[in-house]
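Novice: There's a structure below that I have some questions on.
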Amino acid sequence: MAVVFQAIGAATALSSANVFDSKRIQFSYGRSLSERKASICAVRSDGMLYSGSSPRGRKPEPLISNAVATKAEGSTASAASKPGHELLLYEALREGLEEEMARDPTVCVIGEDVGHYGGSYKVTRGLAEKYGDLRVLDTPIAENSFTGMAIGAAMTGLRPIVEGMNMGFLLLAFNQISNNCGMLHYTSGGQFTIPVVIRGPGGVGRQLGAEHSQRLESYFQSIPGIQLVACSTPYNAKGLMKAAIRSENPVILFEHVLLYNLKERIPDEEYVLNLEEAEMVRPGEHVTILTYSRMRYHVMQATKMLVNKGYDPEVIDIRSLKPFDLYTIGNSVKKTHRVLIVEECMRTGGIGASLTAAINENFHDYLDAPIVCLSSQDVPTPYAGTLEEWTVVQPPQIVTAVEQLCQLQ
């Protein structure tokens with residue numbers, strides 16, 4: 001515990017006045033392979049950026065600054081005149097779920113308080129009254145048991161949706177998710193498919209404490225046979241929910257606890273999104289910013305500042321965390337030649353680390369600068385609100401990282 005508090009204390013010692021001075025550090029990153037190997041640019045999980053031939057022996061510069069997320073940019077003046085209907089994100093999830101339950105009688109919901117209570121964030125509200133207690137099944141507080149029930153039900157032809165009251169609780173069902181959900185199709189020689197959707201709230205909220213602020217993407221990405229997707233808007237929340245339910249593969253749908261009340265106008269007609277396709281949020285020319293979930297809004301807040309400074313970033317919401325949409329990502333890298341990854345996941349072994357490896361393996365020759373990854377610090381999320389903000393990437397860090405990347409020639 002002392003180590004944890006020291007790490008948190010070190011983070012809080014950083015002042016927002018310690019802004020990264022782009023004039024104090026010069027980068028050199030040539031186009032030849034030998035030149036590229038000689039230069040390193042790294043942003044550590046403690047918020048320090050190092051540059052040069054080696055990070056050792058160099059004085060770190062702080063990148064941490066205090067900021068909070070805001071809504072995505074967009075005009076609301078003409079929203080009333082647009083076709084479609086407005087929904088909050090959790091309502092969009094419910095609408096997608098309800099449409100699939102009406103379309104397919106094998107779709108059912110399993111979890112704690114998903115029935116007449118309506119779920120911890122009201123995603124399943126009203127479904128028990130409409131479809132009955134057998135299709136919207138309340139369970140005891142036993143994640144390993146009801147996750148195993150859902151996998152068994154999927155093997156017999158049903159399409160269960162498992163709701164975790166909090167994604168952190170699903171660690172109790174890790175054995176079922178890993179050894180059963182992800183592997184049974186393979187170990188049965190293709191005799192069984194496991195069309196299960198596992199979903200629930202996660203991410204750093206508003207002082208929910210370490211155990212309720214888990215980002216489990218990095219835990220589940222290493223399990224073969226499971227697809228991972230993360231929603232960030234009401235539109236893609238509904239589309240991804242419907243696609244996940246219809247998939248023959250097990251899918252884990254990550255929902256951020258702070259995005260449930262995000263409102264957006266979505267189409268009246270039915271639509272289903274591709275589970276393996278990224279979303280081009282903003283076209284640009286100077287740098288590719290790859291992000292997902294809540295960090296999409298931190299990136300868009302930073303983008304406003306970058307545009308005012310003359311930069312033209314391209315923003316991609318990767319959405320599919322496994323597998324990556326390397327077609328969309330690769331086309332962007334070939335155009336901008338610079339990549340910044342922004343995630344709320346932990347830096348060590350996170351989605352950003354896997355994405356960095358994939359881009360280096362497939363598009364290294366198109367890079368004019370080293371990939372920079374901004375991630376949460378490798379510490380348990382503090383309860384105190386001010387400390388909580390310091391552990392997560394904030395917009396000023398993104399602005400600074402883009403400015404440094406665009407200076408590399």
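Convention: chains lettered A, B, ... in structure tokens order; per-chain residue numbering from 1; ligands numbered from 1 as shown.
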Do you know which residues are at most 10 Å from region 311-317 of chain A counting only C-alpha atoms, after dropping those on the same chain fewer than 5 positions away, and could you put them as a ChimeraX atom specification?

Specialist: /A:230-232,277-293,295-296,299-300,302-306,328-329,332-333,335-336,338-341,399,402-403,406

Novice: Next, the residues of the selection above should be written as a PDB file, in the first residue's frame with C-alpha atoms.

Specialist:
ATOM      1  CA  ALA A 230     -16.688  -0.488 -26.960  1.00  0.00           C
ATOM      2  CA  CYS A 231     -19.584   1.901 -27.552  1.00  0.00           C
ATOM      3  CA  SER A 232     -19.209   5.666 -27.262  1.00  0.00           C
ATOM      4  CA  GLU A 277     -15.273  -1.614 -38.193  1.00  0.00           C
ATOM      5  CA  ALA A 278     -13.786   1.579 -36.790  1.00  0.00           C
ATOM      6  CA  GLU A 279     -15.517   4.969 -37.078  1.00  0.00           C
ATOM      7  CA  MET A 280     -13.935   7.968 -38.741  1.00  0.00           C
ATOM      8  CA  VAL A 281     -14.900  10.732 -36.311  1.00  0.00           C
ATOM      9  CA  ARG A 282     -12.948  13.588 -37.894  1.00  0.00           C
ATOM     10  CA  PRO A 283     -10.853  13.497 -41.105  1.00  0.00           C
ATOM     11  CA  GLY A 284      -7.490  15.241 -40.916  1.00  0.00           C
ATOM     12  CA  GLU A 285      -3.999  15.412 -42.414  1.00  0.00           C
ATOM     13  CA  HIS A 286      -1.382  15.979 -39.713  1.00  0.00           C
ATOM     14  CA  VAL A 287      -1.716  13.129 -37.189  1.00  0.00           C
ATOM     15  CA  THR A 288      -3.904  10.074 -36.590  1.00  0.00           C
ATOM     16  CA  ILE A 289      -5.476   9.947 -33.124  1.00  0.00           C
ATOM     17  CA  LEU A 290      -6.852   6.513 -32.231  1.00  0.00           C
ATOM     18  CA  THR A 291      -9.184   6.285 -29.267  1.00  0.00           C
ATOM     19  CA  TYR A 292     -12.382   4.682 -27.970  1.00  0.00           C
ATOM     20  CA  SER A 293     -15.140   4.973 -25.371  1.00  0.00           C
ATOM     21  CA  MET A 295     -11.594   9.135 -24.316  1.00  0.00           C
ATOM     22  CA  ARG A 296     -13.272   9.996 -27.623  1.00  0.00           C
ATOM     23  CA  VAL A 299      -9.797  13.786 -27.745  1.00  0.00           C
ATOM     24  CA  MET A 300     -12.491  15.940 -29.349  1.00  0.00           C
ATOM     25  CA  ALA A 302      -8.327  18.573 -27.341  1.00  0.00           C
ATOM     26  CA  THR A 303      -9.030  18.720 -31.085  1.00  0.00           C
ATOM     27  CA  LYS A 304     -10.792  22.059 -30.665  1.00  0.00           C
ATOM     28  CA  MET A 305      -7.649  23.480 -29.099  1.00  0.00           C
ATOM     29  CA  LEU A 306      -5.417  21.897 -31.746  1.00  0.00           C
ATOM     30  CA  THR A 328      -9.259   1.978 -41.633  1.00  0.00           C
ATOM     31  CA  ILE A 329      -6.310   2.489 -39.300  1.00  0.00           C
ATOM     32  CA  SER A 332      -5.079   6.828 -41.974  1.00  0.00           C
ATOM     33  CA  VAL A 333      -1.463   6.048 -41.045  1.00  0.00           C
ATOM     34  CA  LYS A 335      -1.962   9.567 -44.992  1.00  0.00           C
ATOM     35  CA  THR A 336      -0.757  11.252 -41.781  1.00  0.00           C
ATOM     36  CA  ARG A 338       1.992   9.964 -37.283  1.00  0.00           C
ATOM     37  CA  VAL A 339      -0.026   8.123 -34.644  1.00  0.00           C
ATOM     38  CA  LEU A 340      -1.232   9.066 -31.179  1.00  0.00           C
ATOM     39  CA  ILE A 341      -3.197   6.495 -29.162  1.00  0.00           C
ATOM     40  CA  VAL A 399      -2.636  18.698 -27.129  1.00  0.00           C
ATOM     41  CA  VAL A 402       0.201  16.168 -30.834  1.00  0.00           C
ATOM     42  CA  GLU A 403       2.340  19.300 -30.853  1.00  0.00           C
ATOM     43  CA  CYS A 406       3.966  17.201 -35.457  1.00  0.00           C
TER      44      CYS A 406
END

Novice: So that I can check the surroundings of Ile266 (chain A), please list as a PyMOL selection string every protein, DNA and RNA residue that reaches within 10 Å of it, counting only C-alpha atoms and ignoring chain neighbours fewer than 3 positions away.

Specialist: chain A and resi 82-88+92+233-236+238+263+269-271

Novice: Restrict the selected residues to N, CA and C atoms and save them as a PDB file, in the first residue's frame.

Specialist:
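Written output follows (part-v9.pdb):
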ATOM      1  N   LYS A  82     -33.889  17.369 -37.548  1.00  0.00           N
ATOM      2  CA  LYS A  82     -33.303  16.173 -38.128  1.00  0.00           C
ATOM      3  C   LYS A  82     -34.258  14.995 -37.989  1.00  0.00           C
ATOM      4  N   PRO A  83     -34.238  14.052 -38.942  1.00  0.00           N
ATOM      5  CA  PRO A  83     -35.079  12.856 -38.804  1.00  0.00           C
ATOM      6  C   PRO A  83     -34.573  11.953 -37.702  1.00  0.00           C
ATOM      7  N   GLY A  84     -35.445  11.103 -37.202  1.00  0.00           N
ATOM      8  CA  GLY A  84     -35.061  10.185 -36.144  1.00  0.00           C
ATOM      9  C   GLY A  84     -35.633  10.592 -34.805  1.00  0.00           C
ATOM     10  N   HIS A  85     -35.080  10.032 -33.743  1.00  0.00           N
ATOM     11  CA  HIS A  85     -35.551  10.334 -32.394  1.00  0.00           C
ATOM     12  C   HIS A  85     -34.359  10.383 -31.450  1.00  0.00           C
ATOM     13  N   GLU A  86     -34.490  11.211 -30.417  1.00  0.00           N
ATOM     14  CA  GLU A  86     -33.401  11.392 -29.469  1.00  0.00           C
ATOM     15  C   GLU A  86     -33.478  10.355 -28.356  1.00  0.00           C
ATOM     16  N   LEU A  87     -32.323   9.793 -28.034  1.00  0.00           N
ATOM     17  CA  LEU A  87     -32.229   8.825 -26.947  1.00  0.00           C
ATOM     18  C   LEU A  87     -30.946   9.064 -26.171  1.00  0.00           C
ATOM     19  N   LEU A  88     -31.001   8.773 -24.876  1.00  0.00           N
ATOM     20  CA  LEU A  88     -29.788   8.675 -24.090  1.00  0.00           C
ATOM     21  C   LEU A  88     -29.100   7.357 -24.428  1.00  0.00           C
ATOM     22  N   ALA A  92     -30.681   3.847 -25.775  1.00  0.00           N
ATOM     23  CA  ALA A  92     -30.353   3.266 -27.071  1.00  0.00           C
ATOM     24  C   ALA A  92     -29.967   1.799 -26.930  1.00  0.00           C
ATOM     25  N   THR A 233     -21.306   6.314 -28.347  1.00  0.00           N
ATOM     26  CA  THR A 233     -22.419   7.203 -28.653  1.00  0.00           C
ATOM     27  C   THR A 233     -23.708   6.394 -28.621  1.00  0.00           C
ATOM     28  N   PRO A 234     -24.855   7.033 -28.454  1.00  0.00           N
ATOM     29  CA  PRO A 234     -26.116   6.285 -28.538  1.00  0.00           C
ATOM     30  C   PRO A 234     -26.269   5.560 -29.871  1.00  0.00           C
ATOM     31  N   TYR A 235     -25.831   6.183 -30.962  1.00  0.00           N
ATOM     32  CA  TYR A 235     -25.964   5.551 -32.278  1.00  0.00           C
ATOM     33  C   TYR A 235     -25.179   4.241 -32.347  1.00  0.00           C
ATOM     34  N   ASN A 236     -23.890   4.283 -31.973  1.00  0.00           N
ATOM     35  CA  ASN A 236     -23.134   3.041 -32.097  1.00  0.00           C
ATOM     36  C   ASN A 236     -23.431   2.069 -30.956  1.00  0.00           C
ATOM     37  N   LYS A 238     -26.496   1.303 -29.873  1.00  0.00           N
ATOM     38  CA  LYS A 238     -27.596   0.479 -30.364  1.00  0.00           C
ATOM     39  C   LYS A 238     -27.139  -0.439 -31.488  1.00  0.00           C
ATOM     40  N   LYS A 263     -26.775  12.106 -24.917  1.00  0.00           N
ATOM     41  CA  LYS A 263     -27.963  12.120 -25.773  1.00  0.00           C
ATOM     42  C   LYS A 263     -27.568  12.349 -27.224  1.00  0.00           C
ATOM     43  N   GLU A 269     -35.371   4.099 -38.595  1.00  0.00           N
ATOM     44  CA  GLU A 269     -35.312   2.810 -39.251  1.00  0.00           C
ATOM     45  C   GLU A 269     -34.251   1.918 -38.588  1.00  0.00           C
ATOM     46  N   GLU A 270     -34.388   0.626 -38.795  1.00  0.00           N
ATOM     47  CA  GLU A 270     -33.465  -0.329 -38.176  1.00  0.00           C
ATOM     48  C   GLU A 270     -32.089  -0.235 -38.826  1.00  0.00           C
ATOM     49  N   TYR A 271     -31.059  -0.395 -38.019  1.00  0.00           N
ATOM     50  CA  TYR A 271     -29.696  -0.453 -38.533  1.00  0.00           C
ATOM     51  C   TYR A 271     -28.869  -1.358 -37.628  1.00  0.00           C
TER      52      TYR A 271
END

Novice: Got a sec: who's within 10 Å of Glu112 (chain A), counting only C-alpha atoms, leaving out chain neighbours fewer than 6 positions off, as a PDB file with C-alpha atoms, in the first residue's frame?

Specialist:
ATOM      1  CA  GLY A 118     -34.489  -2.731 -14.572  1.00  0.00           C
ATOM      2  CA  GLY A 119     -30.745  -3.149 -14.187  1.00  0.00           C
ATOM      3  CA  SER A 120     -28.208  -1.100 -12.259  1.00  0.00           C
ATOM      4  CA  LEU A 137     -33.987 -13.695 -15.475  1.00  0.00           C
ATOM      5  CA  ASP A 138     -32.949 -12.213 -12.138  1.00  0.00           C
ATOM      6  CA  THR A 139     -30.090 -14.135 -10.562  1.00  0.00           C
ATOM      7  CA  PRO A 140     -28.399 -14.369  -7.171  1.00  0.00           C
ATOM      8  CA  ILE A 141     -25.142 -12.483  -6.591  1.00  0.00           C
ATOM      9  CA  ALA A 142     -23.015 -15.180  -8.204  1.00  0.00           C
ATOM     10  CA  GLU A 143     -21.298 -14.022 -11.377  1.00  0.00           C
ATOM     11  CA  PHE A 146     -25.040 -17.123 -14.018  1.00  0.00           C
ATOM     12  CA  VAL A 162     -25.246 -11.367 -19.532  1.00  0.00           C
ATOM     13  CA  GLU A 163     -25.300  -8.074 -17.633  1.00  0.00           C
ATOM     14  CA  GLY A 164     -22.571  -7.464 -15.125  1.00  0.00           C
ATOM     15  CA  MET A 165     -23.763  -4.962 -12.528  1.00  0.00           C
TER      16      MET A 165
END

Novice: Quick one: of A:Tyr121, A:Phe254, A:Phe174, A:Phe192, who's nearest to Ile223 (chain A), counting only C-alpha atoms?

Specialist: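 Checking each of A:Tyr121, A:Phe254, A:Phe174, A:Phe192 against Ile223 (chain A), counting only C-alpha atoms, the winner is A:Phe174.
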
Novice: So which residues of region 161-210 of chain A fall under helix (DSSP H, G or I) by DSSP, listed as a PDB file with all heavy atoms, in the first residue's frame?

Specialist:
ATOM      1  N   MET A 167     -18.507  -4.092 -14.463  1.00  0.00           N
ATOM      2  CA  MET A 167     -17.603  -4.982 -15.185  1.00  0.00           C
ATOM      3  C   MET A 167     -16.543  -5.582 -14.272  1.00  0.00           C
ATOM      4  O   MET A 167     -16.048  -6.692 -14.520  1.00  0.00           O
ATOM      5  CB  MET A 167     -16.944  -4.238 -16.350  1.00  0.00           C
ATOM      6  CG  MET A 167     -17.889  -3.882 -17.484  1.00  0.00           C
ATOM      7  SD  MET A 167     -18.680  -5.301 -18.265  1.00  0.00           S
ATOM      8  CE  MET A 167     -17.439  -5.783 -19.451  1.00  0.00           C
ATOM      9  N   GLY A 168     -16.198  -4.890 -13.210  1.00  0.00           N
ATOM     10  CA  GLY A 168     -15.216  -5.419 -12.273  1.00  0.00           C
ATOM     11  C   GLY A 168     -15.666  -6.706 -11.610  1.00  0.00           C
ATOM     12  O   GLY A 168     -14.846  -7.567 -11.269  1.00  0.00           O
ATOM     13  N   PHE A 169     -16.975  -6.850 -11.449  1.00  0.00           N
ATOM     14  CA  PHE A 169     -17.493  -8.060 -10.822  1.00  0.00           C
ATOM     15  C   PHE A 169     -17.311  -9.288 -11.709  1.00  0.00           C
ATOM     16  O   PHE A 169     -17.339 -10.420 -11.215  1.00  0.00           O
ATOM     17  CB  PHE A 169     -18.980  -7.896 -10.491  1.00  0.00           C
ATOM     18  CG  PHE A 169     -19.278  -6.757  -9.552  1.00  0.00           C
ATOM     19  CD1 PHE A 169     -20.546  -6.194  -9.512  1.00  0.00           C
ATOM     20  CD2 PHE A 169     -18.310  -6.240  -8.720  1.00  0.00           C
ATOM     21  CE1 PHE A 169     -20.832  -5.139  -8.663  1.00  0.00           C
ATOM     22  CE2 PHE A 169     -18.581  -5.185  -7.862  1.00  0.00           C
ATOM     23  CZ  PHE A 169     -19.845  -4.637  -7.831  1.00  0.00           C
ATOM     24  N   LEU A 170     -17.170  -9.061 -13.019  1.00  0.00           N
ATOM     25  CA  LEU A 170     -17.044 -10.190 -13.932  1.00  0.00           C
ATOM     26  C   LEU A 170     -15.700 -10.900 -13.803  1.00  0.00           C
ATOM     27  O   LEU A 170     -15.497 -11.962 -14.400  1.00  0.00           O
ATOM     28  CB  LEU A 170     -17.253  -9.730 -15.374  1.00  0.00           C
ATOM     29  CG  LEU A 170     -18.688  -9.319 -15.715  1.00  0.00           C
ATOM     30  CD1 LEU A 170     -18.775  -8.825 -17.152  1.00  0.00           C
ATOM     31  CD2 LEU A 170     -19.647 -10.484 -15.512  1.00  0.00           C
ATOM     32  N   LEU A 171     -14.786 -10.324 -13.031  1.00  0.00           N
ATOM     33  CA  LEU A 171     -13.554 -11.052 -12.729  1.00  0.00           C
ATOM     34  C   LEU A 171     -13.870 -12.350 -11.982  1.00  0.00           C
ATOM     35  O   LEU A 171     -13.121 -13.325 -12.068  1.00  0.00           O
ATOM     36  CB  LEU A 171     -12.615 -10.178 -11.893  1.00  0.00           C
ATOM     37  CG  LEU A 171     -11.970  -8.993 -12.627  1.00  0.00           C
ATOM     38  CD1 LEU A 171     -11.167  -8.144 -11.659  1.00  0.00           C
ATOM     39  CD2 LEU A 171     -11.092  -9.475 -13.770  1.00  0.00           C
ATOM     40  N   LEU A 172     -14.998 -12.371 -11.263  1.00  0.00           N
ATOM     41  CA  LEU A 172     -15.409 -13.582 -10.561  1.00  0.00           C
ATOM     42  C   LEU A 172     -15.826 -14.675 -11.543  1.00  0.00           C
ATOM     43  O   LEU A 172     -15.895 -15.854 -11.171  1.00  0.00           O
ATOM     44  CB  LEU A 172     -16.561 -13.267  -9.606  1.00  0.00           C
ATOM     45  CG  LEU A 172     -16.220 -12.293  -8.475  1.00  0.00           C
ATOM     46  CD1 LEU A 172     -17.475 -11.841  -7.765  1.00  0.00           C
ATOM     47  CD2 LEU A 172     -15.254 -12.939  -7.499  1.00  0.00           C
ATOM     48  N   ALA A 173     -16.124 -14.284 -12.770  1.00  0.00           N
ATOM     49  CA  ALA A 173     -16.528 -15.246 -13.802  1.00  0.00           C
ATOM     50  C   ALA A 173     -15.437 -15.432 -14.853  1.00  0.00           C
ATOM     51  O   ALA A 173     -15.717 -15.931 -15.950  1.00  0.00           O
ATOM     52  CB  ALA A 173     -17.820 -14.787 -14.465  1.00  0.00           C
ATOM     53  N   PHE A 174     -14.216 -15.079 -14.534  1.00  0.00           N
ATOM     54  CA  PHE A 174     -13.149 -15.121 -15.532  1.00  0.00           C
ATOM     55  C   PHE A 174     -12.906 -16.538 -16.036  1.00  0.00           C
ATOM     56  O   PHE A 174     -12.622 -16.754 -17.218  1.00  0.00           O
ATOM     57  CB  PHE A 174     -11.855 -14.544 -14.963  1.00  0.00           C
ATOM     58  CG  PHE A 174     -10.846 -14.193 -16.018  1.00  0.00           C
ATOM     59  CD1 PHE A 174     -10.885 -12.969 -16.650  1.00  0.00           C
ATOM     60  CD2 PHE A 174      -9.858 -15.101 -16.395  1.00  0.00           C
ATOM     61  CE1 PHE A 174      -9.973 -12.646 -17.633  1.00  0.00           C
ATOM     62  CE2 PHE A 174      -8.938 -14.784 -17.377  1.00  0.00           C
ATOM     63  CZ  PHE A 174      -8.993 -13.551 -18.002  1.00  0.00           C
ATOM     64  N   ASN A 175     -13.022 -17.521 -15.168  1.00  0.00           N
ATOM     65  CA  ASN A 175     -12.828 -18.905 -15.596  1.00  0.00           C
ATOM     66  C   ASN A 175     -13.870 -19.297 -16.637  1.00  0.00           C
ATOM     67  O   ASN A 175     -13.544 -19.906 -17.669  1.00  0.00           O
ATOM     68  CB  ASN A 175     -12.912 -19.852 -14.398  1.00  0.00           C
ATOM     69  CG  ASN A 175     -12.783 -21.306 -14.813  1.00  0.00           C
ATOM     70  OD1 ASN A 175     -11.787 -21.713 -15.386  1.00  0.00           O
ATOM     71  ND2 ASN A 175     -13.812 -22.088 -14.533  1.00  0.00           N
ATOM     72  N   GLN A 176     -15.136 -18.952 -16.386  1.00  0.00           N
ATOM     73  CA  GLN A 176     -16.191 -19.292 -17.337  1.00  0.00           C
ATOM     74  C   GLN A 176     -16.003 -18.556 -18.666  1.00  0.00           C
ATOM     75  O   GLN A 176     -16.213 -19.115 -19.740  1.00  0.00           O
ATOM     76  CB  GLN A 176     -17.565 -18.948 -16.748  1.00  0.00           C
ATOM     77  CG  GLN A 176     -18.065 -19.915 -15.693  1.00  0.00           C
ATOM     78  CD  GLN A 176     -17.324 -19.767 -14.362  1.00  0.00           C
ATOM     79  OE1 GLN A 176     -16.716 -18.731 -14.095  1.00  0.00           O
ATOM     80  NE2 GLN A 176     -17.380 -20.802 -13.542  1.00  0.00           N
ATOM     81  N   ILE A 177     -15.617 -17.265 -18.589  1.00  0.00           N
ATOM     82  CA  ILE A 177     -15.442 -16.477 -19.805  1.00  0.00           C
ATOM     83  C   ILE A 177     -14.256 -16.985 -20.609  1.00  0.00           C
ATOM     84  O   ILE A 177     -14.310 -17.092 -21.843  1.00  0.00           O
ATOM     85  CB  ILE A 177     -15.273 -14.988 -19.457  1.00  0.00           C
ATOM     86  CG1 ILE A 177     -16.551 -14.447 -18.808  1.00  0.00           C
ATOM     87  CG2 ILE A 177     -14.930 -14.171 -20.696  1.00  0.00           C
ATOM     88  CD1 ILE A 177     -16.410 -13.048 -18.242  1.00  0.00           C
ATOM     89  N   SER A 178     -13.170 -17.337 -19.941  1.00  0.00           N
ATOM     90  CA  SER A 178     -11.955 -17.752 -20.631  1.00  0.00           C
ATOM     91  C   SER A 178     -12.020 -19.203 -21.089  1.00  0.00           C
ATOM     92  O   SER A 178     -11.948 -19.505 -22.285  1.00  0.00           O
ATOM     93  CB  SER A 178     -10.748 -17.541 -19.715  1.00  0.00           C
ATOM     94  OG  SER A 178      -9.564 -18.027 -20.315  1.00  0.00           O
ATOM     95  N   ASN A 179     -12.189 -20.115 -20.148  1.00  0.00           N
ATOM     96  CA  ASN A 179     -12.088 -21.541 -20.471  1.00  0.00           C
ATOM     97  C   ASN A 179     -13.329 -22.103 -21.152  1.00  0.00           C
ATOM     98  O   ASN A 179     -13.248 -23.134 -21.824  1.00  0.00           O
ATOM     99  CB  ASN A 179     -11.801 -22.350 -19.201  1.00  0.00           C
ATOM    100  CG  ASN A 179     -10.392 -22.119 -18.693  1.00  0.00           C
ATOM    101  OD1 ASN A 179      -9.473 -21.901 -19.478  1.00  0.00           O
ATOM    102  ND2 ASN A 179     -10.210 -22.153 -17.385  1.00  0.00           N
ATOM    103  N   ASN A 180     -14.473 -21.473 -20.965  1.00  0.00           N
ATOM    104  CA  ASN A 180     -15.707 -21.972 -21.581  1.00  0.00           C
ATOM    105  C   ASN A 180     -16.162 -21.100 -22.741  1.00  0.00           C
ATOM    106  O   ASN A 180     -16.232 -21.545 -23.880  1.00  0.00           O
ATOM    107  CB  ASN A 180     -16.817 -22.074 -20.536  1.00  0.00           C
ATOM    108  CG  ASN A 180     -16.464 -22.992 -19.377  1.00  0.00           C
ATOM    109  OD1 ASN A 180     -16.834 -22.741 -18.242  1.00  0.00           O
ATOM    110  ND2 ASN A 180     -15.735 -24.067 -19.646  1.00  0.00           N
ATOM    111  N   CYS A 181     -16.440 -19.850 -22.442  1.00  0.00           N
ATOM    112  CA  CYS A 181     -17.022 -18.955 -23.456  1.00  0.00           C
ATOM    113  C   CYS A 181     -16.103 -18.798 -24.664  1.00  0.00           C
ATOM    114  O   CYS A 181     -16.547 -18.882 -25.809  1.00  0.00           O
ATOM    115  CB  CYS A 181     -17.301 -17.601 -22.812  1.00  0.00           C
ATOM    116  SG  CYS A 181     -18.267 -16.482 -23.826  1.00  0.00           S
ATOM    117  N   LEU A 184     -14.916 -23.059 -26.110  1.00  0.00           N
ATOM    118  CA  LEU A 184     -15.744 -24.244 -26.341  1.00  0.00           C
ATOM    119  C   LEU A 184     -15.989 -24.526 -27.826  1.00  0.00           C
ATOM    120  O   LEU A 184     -16.098 -25.692 -28.224  1.00  0.00           O
ATOM    121  CB  LEU A 184     -17.081 -24.107 -25.610  1.00  0.00           C
ATOM    122  CG  LEU A 184     -17.098 -24.682 -24.184  1.00  0.00           C
ATOM    123  CD1 LEU A 184     -18.388 -24.338 -23.475  1.00  0.00           C
ATOM    124  CD2 LEU A 184     -16.895 -26.191 -24.206  1.00  0.00           C
ATOM    125  N   HIS A 185     -16.100 -23.497 -28.625  1.00  0.00           N
ATOM    126  CA  HIS A 185     -16.295 -23.737 -30.057  1.00  0.00           C
ATOM    127  C   HIS A 185     -15.108 -24.510 -30.625  1.00  0.00           C
ATOM    128  O   HIS A 185     -15.279 -25.459 -31.417  1.00  0.00           O
ATOM    129  CB  HIS A 185     -16.471 -22.414 -30.797  1.00  0.00           C
ATOM    130  CG  HIS A 185     -16.649 -22.564 -32.275  1.00  0.00           C
ATOM    131  ND1 HIS A 185     -17.764 -23.158 -32.833  1.00  0.00           N
ATOM    132  CD2 HIS A 185     -15.851 -22.217 -33.323  1.00  0.00           C
ATOM    133  CE1 HIS A 185     -17.650 -23.165 -34.154  1.00  0.00           C
ATOM    134  NE2 HIS A 185     -16.491 -22.598 -34.472  1.00  0.00           N
ATOM    135  N   TYR A 186     -13.903 -24.138 -30.182  1.00  0.00           N
ATOM    136  CA  TYR A 186     -12.696 -24.817 -30.663  1.00  0.00           C
ATOM    137  C   TYR A 186     -12.553 -26.201 -30.040  1.00  0.00           C
ATOM    138  O   TYR A 186     -12.325 -27.191 -30.757  1.00  0.00           O
ATOM    139  CB  TYR A 186     -11.463 -23.965 -30.344  1.00  0.00           C
ATOM    140  CG  TYR A 186     -10.158 -24.661 -30.629  1.00  0.00           C
ATOM    141  CD1 TYR A 186      -9.666 -24.746 -31.932  1.00  0.00           C
ATOM    142  CD2 TYR A 186      -9.421 -25.237 -29.603  1.00  0.00           C
ATOM    143  CE1 TYR A 186      -8.473 -25.392 -32.201  1.00  0.00           C
ATOM    144  CE2 TYR A 186      -8.224 -25.891 -29.864  1.00  0.00           C
ATOM    145  CZ  TYR A 186      -7.752 -25.968 -31.164  1.00  0.00           C
ATOM    146  OH  TYR A 186      -6.576 -26.616 -31.425  1.00  0.00           O
ATOM    147  N   THR A 187     -12.689 -26.292 -28.726  1.00  0.00           N
ATOM    148  CA  THR A 187     -12.447 -27.565 -28.051  1.00  0.00           C
ATOM    149  C   THR A 187     -13.523 -28.602 -28.350  1.00  0.00           C
ATOM    150  O   THR A 187     -13.301 -29.803 -28.153  1.00  0.00           O
ATOM    151  CB  THR A 187     -12.331 -27.371 -26.533  1.00  0.00           C
ATOM    152  OG1 THR A 187     -13.526 -26.726 -26.041  1.00  0.00           O
ATOM    153  CG2 THR A 187     -11.125 -26.507 -26.182  1.00  0.00           C
TER     154      THR A 187
END

Novice: Would you list the contacts of Gln227 (chain A) as a ChimeraX atom specification, taking every protein, DNA or RNA residue within 8 Å and counting only C-alpha atoms, but skipping same-chain residues closer than 2 positions in sequence?

Specialist: /A:225,229,249-252,320-323

Novice: Out of region 116-350 of chain A, which residues get strand (DSSP E) from DSSP, as a PyMOL selection string?

Specialist: chain A and resi 136-138+159-163+197-202+227-230+251-256+263-266+279-282+287-291+313-317+320-322+339-346

Novice: Tell me, as a VMD selection string, which residues lie within 12 Å of Val109 (chain A), counting only C-alpha atoms; anything in the same chain fewer than 3 positions away does not count.

Specialist: chain A and resid 94 97 to 98 100 to 101 105 to 106 112 to 115 118 to 119 123 to 125 127 to 128 131 to 139 146 to 147 149 to 150 153 to 154 158 to 164 196 to 199 245

Novice: Would you tabulate, counting only C-alpha atoms, all residues of region 209-304 of chain A that have an atom at most 10 Å from an atom of region 374-386 of chain A, showing the closest pair of atoms and their distance in Å to one decimal, sorted by chain then ascending number, as a Markdown table?

Specialist:
| residue | atom | partner | partner_atom | distance |
| --- | --- | --- | --- | --- |
| A:Gly209 | CA | A:Tyr383 | CA | 4.5 |
| A:Ala210 | CA | A:Thr381 | CA | 4.5 |
| A:Glu211 | CA | A:Thr381 | CA | 8.1 |
| A:His212 | CA | A:Thr381 | CA | 8.9 |
| A:Ser213 | CA | A:Thr381 | CA | 6.6 |
| A:Gln214 | CA | A:Thr381 | CA | 8.2 |
| A:Arg215 | CA | A:Ser376 | CA | 9.8 |
| A:Thr291 | CA | A:Leu374 | CA | 9.9 |
| A:Met295 | CA | A:Ser375 | CA | 9.9 |
